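Q: Sharing a structure here in structure tokens format.
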Amino acid sequence: MFNLDTFKTYSRAVAFGAVAISAIAFAGAAKAAPVQLFPFFQPLPPMAAPQPLQPYQPYQAPTYQTAPSEDQDAVEMPARFRRQTVSYATREAPGTIIIDTPNTYLYYVLGGGQALRYGIGVGRDGFTWSGIQSVSKKAEWPDWTPPPEMIARQPYLPRHMAGGPGNPLGARAMYLGGTIYRIHGTNAPETIGKHVSSGCIRMTNEDVTDLYSRVNVGTKVIVLPMLERRADLGAATR
């Protein structure tokens, strides 16, 4: 016959045995792989050794290359065309200007057998001239109005151009007598030493400014001939 008390005692024993086995299994698993209670916390990286302090360095502003000024010639001038004092034998009075057309030099007579020599550009073939004139007018940054003869040959030229760095007459001009010729600066310094103009005498802006400061209205100007290639003064166009 079924005994209820015996069954209850047997059930308690089975339950106790199951709990004991579970505890032993849990303890073994814990020893094999410990459980991380807070997996979202990461260990801190090792701290680096402190670096020695660097000495204080004052701030230095960056340097920039400055652009060349507008009054500087961009072309390297050959040594013989640079302004220089030279020996020059002449009977002309100090202050006289002598244009050596064949050699593309302008001499400003100093006296005592010396002169200040400048490199110049002169008239191209068929447009050189010779004679004696005087400075009739001086102008700083002069306007340029091409004469009708030049317009006829080069109709694309402007009828008038205000003075300034882009003007073909450059920084200064000294007008010669009642002619259309001038001693003037140029915005094309590479033409110094060449036969390129329509009769005017070209100088670098730096040199013409220097000569301008020495010359007065009335200064005598002697233009030497270009041998057989010179043109008659009255027929010249510039």
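By convention in this document, the chains of the structure tokens carry letters A, B, ... by their order, each chain's residues are numbered from 1, and ligands are numbered from 1 in the order they are shown.
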If we count only C-alpha atoms and set the cut-off at 7 Å, which residues sit around segment 117-133 of chain A, ignoring sequence neighbours fewer than 4 positions away in its own chain? Please answer as a short mmCIF file (atom, residue, chain, number, x, y, z; two decimals) with N, CA and C atoms, in the first residue's frame.

A:
```
data_model
loop_
_atom_site.label_atom_id
_atom_site.label_comp_id
_atom_site.auth_asym_id
_atom_site.auth_seq_id
_atom_site.Cartn_x
_atom_site.Cartn_y
_atom_site.Cartn_z
N PHE A 81 76.05 99.02 -70.68
CA PHE A 81 74.93 99.95 -70.81
C PHE A 81 74.48 100.52 -69.47
N ARG A 82 75.12 100.13 -68.41
CA ARG A 82 74.77 100.69 -67.10
C ARG A 82 75.38 102.08 -66.94
N ARG A 83 74.68 102.91 -66.20
CA ARG A 83 75.16 104.29 -65.99
C ARG A 83 76.50 104.26 -65.29
N GLN A 84 77.47 105.03 -65.84
CA GLN A 84 78.81 105.05 -65.26
C GLN A 84 79.57 106.27 -65.75
N THR A 85 80.52 106.69 -64.95
CA THR A 85 81.39 107.80 -65.32
C THR A 85 82.58 107.25 -66.10
N VAL A 86 82.84 107.88 -67.26
CA VAL A 86 83.91 107.40 -68.14
C VAL A 86 84.76 108.58 -68.60
N THR A 101 74.97 107.78 -81.64
CA THR A 101 73.98 106.90 -82.26
C THR A 101 74.55 105.53 -82.63
N THR A 104 75.07 103.45 -79.46
CA THR A 104 73.91 103.49 -78.54
C THR A 104 74.30 103.94 -77.12
N TYR A 105 75.02 105.08 -77.07
CA TYR A 105 75.39 105.70 -75.79
C TYR A 105 74.90 107.14 -75.77
N LEU A 106 74.56 107.61 -74.60
CA LEU A 106 74.31 109.03 -74.37
C LEU A 106 75.34 109.49 -73.35
N TYR A 107 76.04 110.59 -73.67
CA TYR A 107 77.04 111.17 -72.77
C TYR A 107 76.53 112.48 -72.22
N TYR A 108 76.64 112.63 -70.92
CA TYR A 108 76.37 113.91 -70.27
C TYR A 108 77.73 114.44 -69.81
N LEU A 176 63.03 117.82 -77.75
CA LEU A 176 64.17 118.40 -78.45
C LEU A 176 63.70 119.44 -79.46
N GLY A 177 63.94 120.73 -79.14
CA GLY A 177 63.61 121.83 -80.04
C GLY A 177 62.17 121.80 -80.49
N THR A 191 64.99 96.91 -74.87
CA THR A 191 65.35 97.53 -76.15
C THR A 191 66.56 98.45 -76.03
N ILE A 192 67.09 98.64 -74.82
CA ILE A 192 68.28 99.48 -74.65
C ILE A 192 69.46 98.80 -75.35
N GLY A 193 70.21 99.60 -76.11
CA GLY A 193 71.33 99.06 -76.87
C GLY A 193 70.94 98.62 -78.27
N LYS A 194 69.67 98.84 -78.65
CA LYS A 194 69.20 98.39 -79.94
C LYS A 194 68.70 99.56 -80.79
N HIS A 195 68.55 99.29 -82.07
CA HIS A 195 68.03 100.28 -83.03
C HIS A 195 66.57 99.90 -83.30
N VAL A 196 65.67 100.50 -82.56
CA VAL A 196 64.28 100.03 -82.59
C VAL A 196 63.24 101.14 -82.73
N SER A 197 63.59 102.37 -82.40
CA SER A 197 62.59 103.43 -82.34
C SER A 197 62.38 104.09 -83.70
N SER A 198 61.49 105.06 -83.72
CA SER A 198 61.26 105.86 -84.93
C SER A 198 62.04 107.17 -84.87
N GLY A 199 63.09 107.21 -84.07
CA GLY A 199 63.96 108.39 -84.01
C GLY A 199 64.18 108.94 -82.62
N CYS A 200 63.28 108.61 -81.67
CA CYS A 200 63.45 109.08 -80.30
C CYS A 200 64.58 108.31 -79.62
N ILE A 201 65.10 108.91 -78.56
CA ILE A 201 66.17 108.30 -77.78
C ILE A 201 65.56 107.70 -76.52
N ARG A 202 65.72 106.39 -76.37
CA ARG A 202 65.14 105.69 -75.22
C ARG A 202 66.17 105.46 -74.14
N MET A 203 65.72 105.56 -72.89
CA MET A 203 66.55 105.24 -71.74
C MET A 203 65.70 104.44 -70.75
N LYS A 220 72.07 122.01 -74.44
CA LYS A 220 72.48 121.66 -75.80
C LYS A 220 72.54 120.15 -75.98
N VAL A 221 72.01 119.68 -77.11
CA VAL A 221 71.98 118.25 -77.42
C VAL A 221 72.58 118.05 -78.81
N ILE A 222 73.63 117.25 -78.88
CA ILE A 222 74.30 116.95 -80.15
C ILE A 222 74.02 115.49 -80.49
N VAL A 223 73.44 115.24 -81.67
CA VAL A 223 73.15 113.88 -82.11
C VAL A 223 74.12 113.54 -83.23
N LEU A 224 74.99 112.57 -82.98
CA LEU A 224 75.98 112.16 -83.97
C LEU A 224 75.34 111.28 -85.04
N PRO A 225 75.87 111.34 -86.27
CA PRO A 225 75.24 110.59 -87.38
C PRO A 225 75.48 109.09 -87.29
N MET A 226 74.58 108.36 -87.95
CA MET A 226 74.70 106.92 -88.08
C MET A 226 75.28 106.60 -89.46
N ARG A 229 73.45 105.60 -92.88
CA ARG A 229 72.07 105.17 -92.65
C ARG A 229 71.21 106.26 -92.04
N ARG A 230 71.76 107.42 -91.80
CA ARG A 230 70.98 108.45 -91.13
C ARG A 230 69.93 109.03 -92.07
N ALA A 231 68.84 109.43 -91.51
CA ALA A 231 67.77 110.07 -92.26
C ALA A 231 67.86 111.56 -92.08
N ASP A 232 67.35 112.30 -93.04
CA ASP A 232 67.33 113.77 -92.93
C ASP A 232 66.44 114.18 -91.77
N LEU A 233 66.87 115.19 -91.03
CA LEU A 233 66.14 115.61 -89.82
C LEU A 233 64.70 115.98 -90.15
N ALA A 236 62.32 112.92 -90.67
CA ALA A 236 62.12 111.94 -89.59
C ALA A 236 60.71 112.04 -89.06
#
```

Q: Please compute the atom CA of Met174 of chain A-atom CA of Thr209 of chain A distance, one decimal, in Å.

A: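 It comes out at 10.4 Å.
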
Q: List every residue of segment 162-212 of chain A that DSSP, applied to the backbone of this structure, places in helix (DSSP H, G or I), and write the result as a list in words.

A: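 Those in segment 162-212 of chain A that DSSP calls helix (DSSP H, G or I) are Pro189, Glu190, Thr191, Asn205, Glu206, Asp207, Val208, Thr209, Asp210, Leu211 and Tyr212 of chain A.
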
Q: Can you list every residue in segment 83-214 of chain A that DSSP puts in strand (DSSP E or B), as a ChimeraX atom specification?

A: /A:84-87,97-100,105-111,114-119,121-123,128,131-140,144,161,172-176,182-184,195-197,201-202

Q: For atom CA of Asn216 of chain A and atom CA of Glu190 of chain A, determine how far apart the two atoms are, in Å to one decimal place.

A: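 One can read the atom CA of Asn216 of chain A to atom CA of Glu190 of chain A distance as 27.7 Å.
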
Q: Have a look at atom CA of Pro189 of chain A and atom CA of Thr204 of chain A and let me know their distance in Å, one decimal.

A: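 If I compute the distance from atom CA of Pro189 of chain A to atom CA of Thr204 of chain A, I get 5.6 Å.
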
Q: Check the smallest atom-to-atom distance from each of A:Gln114, A:Tyr175, A:Met161, A:Trp141 to Val217 of chain A using only C-alpha atoms, then report the winner.

A: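 Smallest separation from Val217 of chain A among the options: A:Tyr175.
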
Q: Might you pull out every residue within 10 Å of Ala89 of chain A, with only C-alpha atoms counted and same-chain residues fewer than 3 positions away left off, and present them as a PDB file with N, CA and C atoms, in the first residue's frame?

A:
```pdb
ATOM      1  N   VAL A  86      82.844 107.879 -67.263  1.00  0.00           N
ATOM      2  CA  VAL A  86      83.909 107.396 -68.142  1.00  0.00           C
ATOM      3  C   VAL A  86      84.762 108.580 -68.598  1.00  0.00           C
ATOM      4  N   GLU A  92      83.151 120.294 -75.802  1.00  0.00           N
ATOM      5  CA  GLU A  92      81.826 120.806 -75.416  1.00  0.00           C
ATOM      6  C   GLU A  92      81.810 121.141 -73.926  1.00  0.00           C
ATOM      7  N   VAL A 109      78.194 115.510 -70.465  1.00  0.00           N
ATOM      8  CA  VAL A 109      79.549 116.008 -70.242  1.00  0.00           C
ATOM      9  C   VAL A 109      79.671 116.579 -68.830  1.00  0.00           C
ATOM     10  N   GLY A 111      82.909 117.569 -67.724  1.00  0.00           N
ATOM     11  CA  GLY A 111      84.094 118.442 -67.726  1.00  0.00           C
ATOM     12  C   GLY A 111      85.298 117.701 -67.192  1.00  0.00           C
ATOM     13  N   GLY A 112      86.484 118.289 -67.437  1.00  0.00           N
ATOM     14  CA  GLY A 112      87.714 117.661 -66.958  1.00  0.00           C
ATOM     15  C   GLY A 112      88.008 116.338 -67.639  1.00  0.00           C
ATOM     16  N   GLY A 113      87.540 116.174 -68.884  1.00  0.00           N
ATOM     17  CA  GLY A 113      87.788 114.940 -69.620  1.00  0.00           C
ATOM     18  C   GLY A 113      86.923 113.768 -69.192  1.00  0.00           C
ATOM     19  N   GLN A 114      85.813 114.043 -68.519  1.00  0.00           N
ATOM     20  CA  GLN A 114      84.927 112.972 -68.066  1.00  0.00           C
ATOM     21  C   GLN A 114      83.481 113.243 -68.472  1.00  0.00           C
ATOM     22  N   ALA A 115      82.725 112.179 -68.547  1.00  0.00           N
ATOM     23  CA  ALA A 115      81.297 112.285 -68.860  1.00  0.00           C
ATOM     24  C   ALA A 115      80.558 111.143 -68.181  1.00  0.00           C
TER      25      ALA A 115
END
```
